[in-house]
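Student: Contents are PDB, C-alpha atoms; file name structure33.pdb:
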MODEL        1
ATOM      1  CA  GLY A 186      83.777  21.505 243.775
ATOM      2  CA  ALA A 187      80.848  20.411 241.665
ATOM      3  CA  VAL A 188      77.935  18.850 243.548
ATOM      4  CA  VAL A 189      75.997  15.822 242.391
ATOM      5  CA  SER A 190      72.939  14.597 244.262
ATOM      6  CA  GLN A 191      71.018  11.361 244.110
ATOM      7  CA  HIS A 192      67.523  10.538 245.172
ATOM      8  CA  PRO A 193      66.514   8.458 246.952
ATOM      9  CA  SER A 194      69.498   7.607 249.112
ATOM     10  CA  TRP A 195      68.013   4.218 249.844
ATOM     11  CA  VAL A 196      64.994   2.273 248.663
ATOM     12  CA  ILE A 197      63.425  -1.047 249.514
ATOM     13  CA  CYS A 198      61.006  -2.563 247.052
ATOM     14  CA  LYS A 199      59.217  -5.794 246.321
ATOM     15  CA  SER A 200      60.368  -8.152 243.636
ATOM     16  CA  GLY A 201      58.771  -7.338 240.294
ATOM     17  CA  THR A 202      58.353  -3.623 240.866
ATOM     18  CA  SER A 203      60.258  -0.850 239.119
ATOM     19  CA  VAL A 204      62.423   1.684 240.873
ATOM     20  CA  LYS A 205      63.574   5.043 239.588
ATOM     21  CA  ILE A 206      66.758   6.705 240.806
ATOM     22  CA  GLU A 207      67.512  10.346 240.043
ATOM     23  CA  CYS A 208      70.904  11.907 239.583
ATOM     24  CA  ARG A 209      71.214  15.683 239.508
ATOM     25  CA  SER A 210      74.064  18.054 238.943
ATOM     26  CA  LEU A 211      73.285  20.905 241.289
ATOM     27  CA  ASP A 212      75.588  23.723 240.310
ATOM     28  CA  PHE A 213      76.659  22.897 236.790
ATOM     29  CA  GLN A 214      75.326  21.462 233.573
ATOM     30  CA  ALA A 215      76.359  17.956 232.696
ATOM     31  CA  THR A 216      75.968  16.761 229.146
ATOM     32  CA  THR A 217      77.318  13.414 230.228
ATOM     33  CA  MET A 218      76.519  11.401 233.313
ATOM     34  CA  PHE A 219      77.548   7.914 234.282
ATOM     35  CA  TRP A 220      75.900   5.112 236.219
ATOM     36  CA  TYR A 221      77.902   2.660 238.299
ATOM     37  CA  ARG A 222      76.977  -0.358 240.301
ATOM     38  CA  GLN A 223      78.766  -1.573 243.384
ATOM     39  CA  PHE A 224      78.098  -4.890 245.080
ATOM     40  CA  PRO A 225      78.981  -5.226 248.771
ATOM     41  CA  LYS A 226      82.719  -5.101 249.364
ATOM     42  CA  GLN A 227      83.402  -4.914 245.666
ATOM     43  CA  SER A 228      84.568  -2.331 243.221
ATOM     44  CA  LEU A 229      82.531   0.054 241.104
ATOM     45  CA  MET A 230      81.564  -1.155 237.674
ATOM     46  CA  LEU A 231      80.452   1.248 234.985
ATOM     47  CA  MET A 232      76.992   0.318 233.757
ATOM     48  CA  ALA A 233      76.284   3.000 231.193
ATOM     49  CA  THR A 234      77.081   6.437 229.915
ATOM     50  CA  SER A 235      74.149   8.803 229.715
ATOM     51  CA  ASN A 236      74.232  11.634 227.202
ATOM     52  CA  GLU A 237      71.745  14.455 227.287
ATOM     53  CA  GLY A 238      69.252  14.214 224.475
ATOM     54  CA  SER A 239      70.427  10.870 223.137
ATOM     55  CA  LYS A 240      70.387   7.202 223.975
ATOM     56  CA  ALA A 241      72.594   5.870 226.680
ATOM     57  CA  THR A 242      75.596   3.726 225.874
ATOM     58  CA  TYR A 243      75.636   0.520 227.875
ATOM     59  CA  GLU A 244      78.648  -1.502 228.900
ATOM     60  CA  GLN A 245      78.922  -5.066 227.805
ATOM     61  CA  GLY A 246      76.763  -7.377 229.870
ATOM     62  CA  VAL A 247      74.361  -4.691 231.088
ATOM     63  CA  GLU A 248      70.779  -5.229 229.991
ATOM     64  CA  LYS A 249      69.473  -1.992 228.537
ATOM     65  CA  ASP A 250      65.842  -3.130 228.803
ATOM     66  CA  LYS A 251      66.379  -3.853 232.480
ATOM     67  CA  PHE A 252      68.177  -0.649 233.355
ATOM     68  CA  LEU A 253      66.463   2.219 231.576
ATOM     69  CA  ILE A 254      68.390   5.451 231.472
ATOM     70  CA  ASN A 255      66.962   8.809 230.571
ATOM     71  CA  HIS A 256      68.909  12.049 230.385
ATOM     72  CA  ALA A 257      66.256  14.547 229.483
ATOM     73  CA  SER A 258      67.967  17.683 230.706
ATOM     74  CA  LEU A 259      71.456  18.987 231.340
ATOM     75  CA  THR A 260      71.075  18.525 235.063
ATOM     76  CA  LEU A 261      69.112  15.314 235.432
ATOM     77  CA  SER A 262      69.635  11.692 234.537
ATOM     78  CA  THR A 263      67.416   8.874 235.763
ATOM     79  CA  LEU A 264      68.018   5.171 236.087
ATOM     80  CA  THR A 265      64.976   2.919 236.252
ATOM     81  CA  VAL A 266      65.461  -0.641 237.365
ATOM     82  CA  THR A 267      62.535  -2.438 235.783
ATOM     83  CA  SER A 268      60.958  -5.552 237.279
ATOM     84  CA  ALA A 269      63.548  -5.591 240.012
ATOM     85  CA  HIS A 270      64.703  -8.866 241.511
ATOM     86  CA  PRO A 271      66.787  -9.597 244.606
ATOM     87  CA  GLU A 272      69.926  -9.959 242.494
ATOM     88  CA  ASP A 273      69.517  -6.306 241.475
ATOM     89  CA  SER A 274      70.077  -5.280 245.082
ATOM     90  CA  SER A 275      73.165  -3.141 245.022
ATOM     91  CA  PHE A 276      74.600   0.298 245.562
ATOM     92  CA  TYR A 277      74.039   2.482 242.518
ATOM     93  CA  ILE A 278      76.247   5.528 242.073
ATOM     94  CA  CYS A 279      76.019   8.208 239.440
ATOM     95  CA  SER A 280      78.642  10.687 238.384
ATOM     96  CA  ALA A 281      78.659  13.717 236.152
ATOM     97  CA  ARG A 282      81.401  14.808 233.860
ATOM     98  CA  VAL A 283      82.744  18.210 234.746
ATOM     99  CA  SER A 284      85.528  18.309 232.228
ATOM    100  CA  ARG A 285      87.637  15.924 230.217
ATOM    101  CA  SER A 286      88.853  13.218 232.581
ATOM    102  CA  GLU A 287      87.052  14.658 235.590
ATOM    103  CA  GLN A 288      83.901  13.241 237.169
ATOM    104  CA  PHE A 289      82.120  14.094 240.363
ATOM    105  CA  PHE A 290      80.195  11.392 242.099
ATOM    106  CA  GLY A 291      76.821  11.381 243.759
ATOM    107  CA  PRO A 292      76.317   9.945 247.247
ATOM    108  CA  GLY A 293      74.830   6.709 245.929
ATOM    109  CA  THR A 294      71.503   4.903 246.252
ATOM    110  CA  ARG A 295      71.221   1.656 248.121
ATOM    111  CA  LEU A 296      68.600  -0.576 246.534
ATOM    112  CA  THR A 297      67.248  -3.602 248.354
ATOM    113  CA  VAL A 298      64.817  -5.838 246.529
ATOM    114  CA  LEU A 299      62.848  -8.200 248.723
TER     115      LEU A 299
ATOM    116  CA  ALA B  53      93.873  -4.315 228.228
ATOM    117  CA  GLN B  54      93.441  -1.885 231.076
ATOM    118  CA  LYS B  55      93.547  -3.055 234.607
ATOM    119  CA  VAL B  56      94.046  -1.674 238.096
ATOM    120  CA  THR B  57      95.296  -3.915 240.870
ATOM    121  CA  GLN B  58      95.104  -3.130 244.548
ATOM    122  CA  ALA B  59      96.651  -6.178 246.115
ATOM    123  CA  GLN B  60      95.896  -5.173 249.705
ATOM    124  CA  THR B  61      92.268  -5.948 250.451
ATOM    125  CA  GLU B  62      92.388  -4.817 254.029
ATOM    126  CA  ILE B  63      94.886  -2.976 256.219
ATOM    127  CA  SER B  64      94.625  -2.274 259.934
ATOM    128  CA  VAL B  65      96.811   0.236 261.708
ATOM    129  CA  VAL B  66      96.844   2.060 264.975
ATOM    130  CA  GLU B  67      96.398   5.814 265.021
ATOM    131  CA  LYS B  68      99.499   7.847 264.192
ATOM    132  CA  GLU B  69     101.047   5.079 262.175
ATOM    133  CA  ASP B  70     101.965   5.756 258.562
ATOM    134  CA  VAL B  71     100.324   3.544 255.976
ATOM    135  CA  THR B  72     100.883   3.042 252.254
ATOM    136  CA  LEU B  73      98.204   1.774 249.903
ATOM    137  CA  ASP B  74      99.527   0.152 246.762
ATOM    138  CA  CYS B  75      98.172   0.540 243.255
ATOM    139  CA  VAL B  76      99.537  -1.082 240.124
ATOM    140  CA  TYR B  77      98.017  -0.406 236.738
ATOM    141  CA  GLU B  78      98.166  -1.774 233.228
ATOM    142  CA  THR B  79      97.511   0.156 230.059
ATOM    143  CA  ARG B  80      98.754   0.249 226.487
ATOM    144  CA  ASP B  81      98.017   3.927 226.184
ATOM    145  CA  THR B  82     100.860   6.388 226.603
ATOM    146  CA  THR B  83      98.469   9.062 227.796
ATOM    147  CA  TYR B  84      96.276   8.243 230.733
ATOM    148  CA  TYR B  85      95.009   9.506 234.064
ATOM    149  CA  LEU B  86      95.266   7.975 237.498
ATOM    150  CA  PHE B  87      92.986   8.702 240.415
ATOM    151  CA  TRP B  88      92.507   7.959 244.057
ATOM    152  CA  TYR B  89      89.089   8.071 245.698
ATOM    153  CA  LYS B  90      88.032   7.584 249.290
ATOM    154  CA  GLN B  91      84.763   5.870 250.135
ATOM    155  CA  PRO B  92      83.807   6.308 253.800
ATOM    156  CA  PRO B  93      81.091   4.135 255.371
ATOM    157  CA  SER B  94      78.455   6.597 254.154
ATOM    158  CA  GLY B  95      79.214   5.420 250.619
ATOM    159  CA  GLU B  96      79.956   8.674 248.867
ATOM    160  CA  LEU B  97      83.076   8.666 246.739
ATOM    161  CA  VAL B  98      85.435  11.467 247.641
ATOM    162  CA  PHE B  99      87.932  12.560 245.025
ATOM    163  CA  LEU B 100      91.487  12.754 246.341
ATOM    164  CA  ILE B 101      93.790  13.227 243.392
ATOM    165  CA  ARG B 102      94.134  13.014 239.634
ATOM    166  CA  ARG B 103      97.438  12.542 237.904
ATOM    167  CA  ASN B 104      98.184  12.525 234.195
ATOM    168  CA  SER B 105     100.769  10.183 232.785
ATOM    169  CA  PHE B 106     103.168  12.950 231.866
ATOM    170  CA  ASP B 107     103.434  14.281 235.363
ATOM    171  CA  GLU B 108     105.595  12.036 237.477
ATOM    172  CA  GLN B 109     106.154  14.536 240.220
ATOM    173  CA  ASN B 110     105.187  13.227 243.594
ATOM    174  CA  GLU B 111     102.488  15.165 245.347
ATOM    175  CA  ILE B 112     101.861  15.981 248.968
ATOM    176  CA  SER B 113      98.664  17.347 250.392
ATOM    177  CA  GLY B 114      98.704  17.605 254.143
ATOM    178  CA  ARG B 115      99.037  14.097 255.535
ATOM    179  CA  TYR B 116      98.500  12.561 252.115
ATOM    180  CA  SER B 117     101.209  11.896 249.577
ATOM    181  CA  TRP B 118     101.330  10.066 246.291
ATOM    182  CA  ASN B 119     104.230   8.333 244.590
ATOM    183  CA  PHE B 120     103.830   7.863 240.838
ATOM    184  CA  GLN B 121     106.420   5.561 239.272
ATOM    185  CA  LYS B 122     105.911   4.962 235.573
ATOM    186  CA  SER B 123     108.776   2.492 235.457
ATOM    187  CA  THR B 124     106.878   0.134 237.738
ATOM    188  CA  SER B 125     103.366   1.230 236.702
ATOM    189  CA  SER B 126     102.547   2.117 240.258
ATOM    190  CA  PHE B 127     100.707   4.972 241.894
ATOM    191  CA  ASN B 128     100.961   4.456 245.634
ATOM    192  CA  PHE B 129      99.228   6.487 248.293
ATOM    193  CA  THR B 130     100.649   7.169 251.731
ATOM    194  CA  ILE B 131      98.821   8.530 254.736
ATOM    195  CA  THR B 132     101.138   9.917 257.363
ATOM    196  CA  ALA B 133     100.148   9.895 261.024
ATOM    197  CA  SER B 134      96.875   8.126 260.307
ATOM    198  CA  GLN B 135      93.701   9.102 262.130
ATOM    199  CA  VAL B 136      90.485   7.228 262.886
ATOM    200  CA  VAL B 137      88.685   9.424 260.346
ATOM    201  CA  ASP B 138      90.900   7.964 257.652
ATOM    202  CA  SER B 139      89.071   4.649 258.020
ATOM    203  CA  ALA B 140      87.445   4.002 254.652
ATOM    204  CA  VAL B 141      87.790   2.042 251.462
ATOM    205  CA  TYR B 142      90.266   3.597 249.071
ATOM    206  CA  PHE B 143      90.016   3.069 245.337
ATOM    207  CA  CYS B 144      92.646   3.620 242.715
ATOM    208  CA  ALA B 145      91.344   4.194 239.190
ATOM    209  CA  LEU B 146      92.600   4.634 235.645
ATOM    210  CA  SER B 147      91.213   6.291 232.542
ATOM    211  CA  GLU B 148      92.836   6.336 229.150
ATOM    212  CA  ALA B 149      93.107   9.324 226.867
ATOM    213  CA  TRP B 150      91.117   7.727 224.060
ATOM    214  CA  ASN B 151      88.186   7.237 226.449
ATOM    215  CA  THR B 152      88.593   9.467 229.447
ATOM    216  CA  ASP B 153      84.981   8.851 230.405
ATOM    217  CA  LYS B 154      85.597   5.284 231.390
ATOM    218  CA  LEU B 155      87.062   4.953 234.835
ATOM    219  CA  ILE B 156      88.505   1.550 235.594
ATOM    220  CA  PHE B 157      88.555   0.979 239.305
ATOM    221  CA  GLY B 158      90.701  -1.304 241.370
ATOM    222  CA  THR B 159      89.037  -3.574 243.893
ATOM    223  CA  GLY B 160      89.753  -1.182 246.720
ATOM    224  CA  THR B 161      91.673  -1.377 249.971
ATOM    225  CA  ARG B 162      89.772  -1.210 253.233
ATOM    226  CA  LEU B 163      91.742   0.784 255.770
ATOM    227  CA  GLN B 164      90.863   0.545 259.432
ATOM    228  CA  VAL B 165      92.556   2.913 261.804
ATOM    229  CA  PHE B 166      92.166   2.007 265.457
ATOM    230  CA  PRO B 167      92.510   4.488 268.290
TER     231      PRO B 167
ENDMDL
END
Let me see the structure of the file written as structure tokens.

Tutor:
Amino acid sequence: GAVVSQHPSWVICKSGTSVKIECRSLDFQATTMFWYRQFPKQSLMLMATSNEGSKATYEQGVEKDKFLINHASLTLSTLTVTSAHPEDSSFYICSARVSRSEQFFGPGTRLTVL
Amino acid sequence: AQKVTQAQTEISVVEKEDVTLDCVYETRDTTYYLFWYKQPPSGELVFLIRRNSFDEQNEISGRYSWNFQKSTSSFNFTITASQVVDSAVYFCALSEAWNTDKLIFGTGTRLQVFP
């Protein structure tokens, strides 16, 4: 199956700093990638849809100035959590669209903001 | 509105027992897709199955089987002869034809299989 990687797998940062998370499709090109957030023992919530070469589409309630998404190439999307605060601590998961109705997920990035 | 309900938050079984994870969905669309994913402690989501709304045939894959019942809007997942390695959180998800990109996840069922 298609492989999606994320880097880093975990990160700890101080409050007020910015953190960048990378999502790569390793063996296919993905015009569309997705970013999810998962709080402990909760479900995944879609944050935004990232389209190569255009602006991301954010879900209602997600601050686009807080969570910057860039999809500069067909194999890479990045999520930058700007001025991170403890409440941003979460598990961030990306996925890439392989075909209509099919997504493959990355292994996730655990962010802890102190 | 679309919604996925997994009423069982946590299930514990002993190895070799059969276990069924329930999933009930709501959608106004006549064309949609249903999914099951496994999330082991490592966190990575593992795709298990995708079903489209026109295919009500039940599916079996090894110890896994799925029962899709449109009449009750349910897509239940059964693990036969459970093993410790089956311990994980299992998510049911829905996407609708008009927006197949948006996966709506249930709250998940944590399955613990004890030796």

Student: Pick out the chain B residues within 10 Å of chain A. Count all atoms listed in the file. Give them as a PyMOL selection string.

Tutor: chain B and resi 61+84-87+91+94-99+102+104+141+143+145-149+151-162

Student: With C-alpha atoms kept, could you save the residues just selected as a PDB file, keeping the file's coordinate frame?

Tutor:
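Everything below was put into selection-v5.pdb:
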ATOM      1  CA  THR B  61      92.268  -5.948 250.451  1.00  0.00           C
ATOM      2  CA  TYR B  84      96.276   8.243 230.733  1.00  0.00           C
ATOM      3  CA  TYR B  85      95.009   9.506 234.064  1.00  0.00           C
ATOM      4  CA  LEU B  86      95.266   7.975 237.498  1.00  0.00           C
ATOM      5  CA  PHE B  87      92.986   8.702 240.415  1.00  0.00           C
ATOM      6  CA  GLN B  91      84.763   5.870 250.135  1.00  0.00           C
ATOM      7  CA  SER B  94      78.455   6.597 254.154  1.00  0.00           C
ATOM      8  CA  GLY B  95      79.214   5.420 250.619  1.00  0.00           C
ATOM      9  CA  GLU B  96      79.956   8.674 248.867  1.00  0.00           C
ATOM     10  CA  LEU B  97      83.076   8.666 246.739  1.00  0.00           C
ATOM     11  CA  VAL B  98      85.435  11.467 247.641  1.00  0.00           C
ATOM     12  CA  PHE B  99      87.932  12.560 245.025  1.00  0.00           C
ATOM     13  CA  ARG B 102      94.134  13.014 239.634  1.00  0.00           C
ATOM     14  CA  ASN B 104      98.184  12.525 234.195  1.00  0.00           C
ATOM     15  CA  VAL B 141      87.790   2.042 251.462  1.00  0.00           C
ATOM     16  CA  PHE B 143      90.016   3.069 245.337  1.00  0.00           C
ATOM     17  CA  ALA B 145      91.344   4.194 239.190  1.00  0.00           C
ATOM     18  CA  LEU B 146      92.600   4.634 235.645  1.00  0.00           C
ATOM     19  CA  SER B 147      91.213   6.291 232.542  1.00  0.00           C
ATOM     20  CA  GLU B 148      92.836   6.336 229.150  1.00  0.00           C
ATOM     21  CA  ALA B 149      93.107   9.324 226.867  1.00  0.00           C
ATOM     22  CA  ASN B 151      88.186   7.237 226.449  1.00  0.00           C
ATOM     23  CA  THR B 152      88.593   9.467 229.447  1.00  0.00           C
ATOM     24  CA  ASP B 153      84.981   8.851 230.405  1.00  0.00           C
ATOM     25  CA  LYS B 154      85.597   5.284 231.390  1.00  0.00           C
ATOM     26  CA  LEU B 155      87.062   4.953 234.835  1.00  0.00           C
ATOM     27  CA  ILE B 156      88.505   1.550 235.594  1.00  0.00           C
ATOM     28  CA  PHE B 157      88.555   0.979 239.305  1.00  0.00           C
ATOM     29  CA  GLY B 158      90.701  -1.304 241.370  1.00  0.00           C
ATOM     30  CA  THR B 159      89.037  -3.574 243.893  1.00  0.00           C
ATOM     31  CA  GLY B 160      89.753  -1.182 246.720  1.00  0.00           C
ATOM     32  CA  THR B 161      91.673  -1.377 249.971  1.00  0.00           C
ATOM     33  CA  ARG B 162      89.772  -1.210 253.233  1.00  0.00           C
TER      34      ARG B 162
END

Student: Given the file shown, enumerate the residues that the PyMOL selection byres ((chain B and resi 126) around 12) captures and present them as a PyMOL selection string.

Tutor: chain B and resi 55-59+73-79+86-87+103+105+108+110+118-125+127-129+144-146

Student: CA of Phe252 (chain A) and CA of Pro93 (chain B) are how many Å apart?

Tutor: 26.0 Å

Student: Name the residues that the PyMOL selection byres ((chain A and resi 247) around 12) pulls out of this structure, and write them as an NGL selection string.

Tutor: :A and (220-222 or 230-234 or 241-246 or 248-254 or 266 or 273)

Student: Which residues, written as a ChimeraX atom specification, have at least one atom at most 12 Å from Gly114 (chain B), with only C-alpha atoms counted and residues fewer than 6 positions away on the same chain left out?

Tutor: /B:100,130-134

Student: CA of Leu299 (chain A) and CA of Ser268 (chain A), how far apart in Å?

Tutor: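 These atoms are spaced 11.9 Å apart.
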
Student: So how many Å separate CA of Val136 (chain B) and CA of Ser64 (chain B), to one decimal?

Tutor: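 Taking CA of Val136 (chain B) as the start and CA of Ser64 (chain B) as the end point, the length is 10.8 Å.
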
Student: I'd like to know which of A:Cys279, A:Leu296, A:Ile197, A:Leu259 is closest to Gln214 (chain A), using only C-alpha atoms.

Tutor: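 For Gln214 (chain A), the nearest of the candidates is A:Leu259.
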
Student: If you apply the PyMOL selection byres ((chain A and resi 212) around 10) to this file, what residues do you get, as number ranges by chain?

Tutor: A: 186-189, 209-211, 213-215, 260

Student: So, with only C-alpha atoms as the atoms that count, which of B:Asp107, B:Asp70, B:Asp81, B:Asp138 lies closest to Gln164 (chain B)?

Tutor: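 Checking each of B:Asp107, B:Asp70, B:Asp81, B:Asp138 against Gln164 (chain B), counting only C-alpha atoms, the winner is B:Asp138.
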
Student: Taking all atoms of region 248-261 of chain A that appear in the file, build a box with edges along x, y and z, extend it by 3 Å on every side, and state its centre and edge lengths in Å to one decimal, as lines of an AutoDock Vina configuration file.

Tutor:
center_x = 68.6
center_y = 6.9
center_z = 232.0
size_x = 11.6
size_y = 30.2
size_z = 12.9

Student: For Leu264 (chain A), which of A:Glu237, A:Lys199, A:Pro225, A:Tyr277 is the closest residue, counting all atoms listed in the file?

Tutor: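 The closest residue to Leu264 (chain A) is A:Tyr277.
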
Student: Considering all atoms listed in the file, state which residue in the set B:Ser139, B:Ser117, B:Thr83, B:Thr72 is at the smallest distance from Pro167 (chain B).

Tutor: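 Checking each of B:Ser139, B:Ser117, B:Thr83, B:Thr72 against Pro167 (chain B), counting all atoms listed in the file, the winner is B:Ser139.
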